[in-house]
Amino acid sequence: MITIKKVETKSDLNIFIKFPWKIYKGNPHWVPPLLLDVKKLLNKKKNPFFLHSEADLFLAEKDGETVGRIAAILNNNHNEFQKEKTAFFGFFETINDQEVSDKLFETVKNWGQQKGMDTLRGPMNFTINDTCSLLIEGFDSSPSIMMIYNPEYYINLLEQAGFHNAKTLLAYDFTSDMSIPDRFVKFANRALQDSELNIRKMNMKKLDDEIKIVRDIFNNAWETNWGFVPLTEKEVEYLADDLKEGIDPDIVFIAEVNGEPAGFALTLPNYNEILKNVNGRLLPFGIFKLLFGKKKIKGVRVIILGITKKFQKKRGLGPALYYETYMRGVNKGYTRGEFSWILEDNILMNRALEGLGAKVYKKYAIFESKL
């Protein structure tokens with residue numbers, strides 16, 4: 001007997017948040033999220049997503065035991081910008097049981113239909129600008145910071161529930177012992193020597209002003225990308241508040257052409273290297289593991305690298321940003337970088353990464369079904 005229960009109490013929410021520990025127990029590649037971060041993300045009073053949109057959380061129970069969870073999401077900003085009627089699902093976790101999975105998806109599909117939607121897409125936690133997608137290739141290693149890991153059987157559960165792969169996302173790997181082709185180096189250096197171009201570090205002392213610049217670059221550069229949703233001012237502030245303590249300012253850049261903001265590159269140390277040992281808790285000893293482990297981090301993830309539409313055809317600007325990120329990262333002692341995620345059909349970005357010599361080592365997918 002499988003029942004679906006809407007999360008309405010603090011006790012239900014606590015079960016929802018901690019359920020992944022049941023699914024990934026003993027899995028050496030899963031990285032437990034910080035419980036404080038998950039609680040903040042799901043808090044409707046703190047997450048600015050809920051200023052314009054809505055979501056409900058559900059638990060699946062079988063014989064009195066929690067066996068799955070899912071979120072039903074209505075992103076009004078997405079639908080307004082993309083001219084769609086799409087509901088989303090997120091925070092999907094379940095035991096390997098098709099009946100349980102089907103019940104969870106049935107619940108979200110009915111929820112979406114009641115909202116007048118005609119499509120269901122996901123996973124999104126809560127938006128494409130948060131953690132999203134399903135890992136479909138590359139299960140033999142841990143994810144980088146703010147990337148997804150899931151059991152391989154999730155793919156079959158979604159496909160059997162009537163979902164298809166709507167878009168593939170790529171993650172590239174690059175290590176400091178991999179050689180960058182001479183052609184790429186010359187191309188990037190030619191751009192870096194252009195007197196019109198200035199690539200500068202983000203000024204952490206004027207962070208509020210810098211965040212406004214970054215928001216404008218982001219919303220302009222990604223405007224035509226599949227699934228894009230503009231970040232609101234409150235959402236940018238929320239993300240910045242989350243990220244500012246973890247930023248290494250030496251590897252975060254703003255590119256300017258004749259003084260005009262033209263591009264942005266955000267690279268974060270891969271905190272997952274130490275979060276694996278914290279088990280979701282900062283207290284009583286997790287905070288010390290983070291503080292003492294920070295200097296030992298050897299990997300980074302290039303999360304955002306974008307160029308405004310006005311300058312996307314400026315020769316060499318993309319490679320210059322990648323090369324600058326690589327050189328300064330190596331100088332700081334980082335030995336491995338992940339570039340993720342990149343849309344499979346983003347020709348310019350994929351071509352630049354292939355030119356750098358990076359290799360695709362993980363693939364993710366966003367799935368979709370008609371309601």
# chains A, B, ... in the order shown; residues from 1 in each chain; ligands from 1
>>> closest_atom_pairs(of="segment 213-262 of chain A", to="segment 36-56 of chain A", cutoff="9 Å", atoms="only C-alpha atoms", output="JSON lines")
{"residue": "A:Thr232", "atom": "CA", "partner": "A:Pro48", "partner_atom": "CA", "distance": 8.6}
{"residue": "A:Lys234", "atom": "CA", "partner": "A:Pro48", "partner_atom": "CA", "distance": 6.0}
{"residue": "A:Glu235", "atom": "CA", "partner": "A:Pro48", "partner_atom": "CA", "distance": 5.7}
{"residue": "A:Tyr238", "atom": "CA", "partner": "A:Pro48", "partner_atom": "CA", "distance": 7.3}
{"residue": "A:Asp242", "atom": "CA", "partner": "A:Asp37", "partner_atom": "CA", "distance": 8.7}
>>> residues_around(residues="Tyr326 of chain A", least_positions_apart="6", cutoff="9 Å", atoms="only C-alpha atoms", output="PyMOL selection string")
chain A and resi 176+251+337
>>> write_last_selection(atoms="C-alpha atoms", output="mmCIF file, in the first residue's frame")
data_model
loop_
_atom_site.group_PDB
_atom_site.id
_atom_site.type_symbol
_atom_site.label_atom_id
_atom_site.label_comp_id
_atom_site.auth_asym_id
_atom_site.auth_seq_id
_atom_site.Cartn_x
_atom_site.Cartn_y
_atom_site.Cartn_z
ATOM 1 C CA SER A 176 46.777 20.881 -14.741
ATOM 2 C CA ILE A 251 39.490 33.279 -9.742
ATOM 3 C CA GLY A 337 38.839 22.095 -13.019
#
>>> atom_distance(atom1="atom CA of Ile73 of chain A", atom2="atom CA of Ile136 of chain A")
22.5 Å
>>> closest_residue(among="A:Ile23, A:Ile217, A:Leu371, A:Ala365", to="Ile155 of chain A", atoms="only C-alpha atoms")
A:Ala365
>>> residues_around(residues="Glu99 of chain A", least_positions_apart="5", cutoff="12 Å", atoms="only C-alpha atoms", output="list in words")
Met1, Ile2, Thr3, Ile4, Ala60, Glu61, Lys62, Val67, Gly68, Thr94, Leu104, Phe105, Glu106, Leu157, Leu158, Gln160 and Ala161 of chain A
>>> residues_around(residues="segment 86-91 of chain A", least_positions_apart="5", cutoff="10 Å", atoms="only C-alpha atoms", output="VMD selection string")
chain A and resid 16 to 17 20 55 to 58 68 to 76 78 to 79 104 to 105 108 to 109 111 to 113 115 to 127 131 to 133 367 to 371
>>> closest_residue(among="A:Glu80, A:Asp250, A:Glu338, A:Glu237", to="Met204 of chain A", atoms="only C-alpha atoms")
A:Asp250
>>> select_by_dssp(residues="segment 141-312 of chain A", states="alpha helix (DSSP H)", output="ChimeraX atom specification")
/A:153-160,182-192,207-221,233-243,272-275,286-293
>>> residues_around(residues="Phe311 of chain A", least_positions_apart="4", cutoff="10 Å", atoms="only C-alpha atoms", output="VMD selection string")
chain A and resid 221 256 to 257 261 to 263 307 315 317 to 318
>>> atom_distance(atom1="atom CA of Tyr271 of chain A", atom2="atom CA of Met147 of chain A")
11.3 Å
>>> atom_distance(atom1="atom CA of Glu93 of chain A", atom2="atom CA of Tyr24 of chain A")
9.9 Å
>>> select_by_dssp(residues="segment 72-106 of chain A", states="strand (DSSP E or B)", output="ChimeraX atom specification")
/A:72-74,86-94
>>> residues_around(residues="Lys22 of chain A", least_positions_apart="3", cutoff="9 Å", atoms="only C-alpha atoms", output="list in words")
Lys18, Phe19, Lys25, Val67 and Ile95 of chain A
>>> residues_around(residues="Thr267 of chain A", least_positions_apart="6", cutoff="7 Å", atoms="only C-alpha atoms", output="ChimeraX atom specification")
/A:251-252,300-303
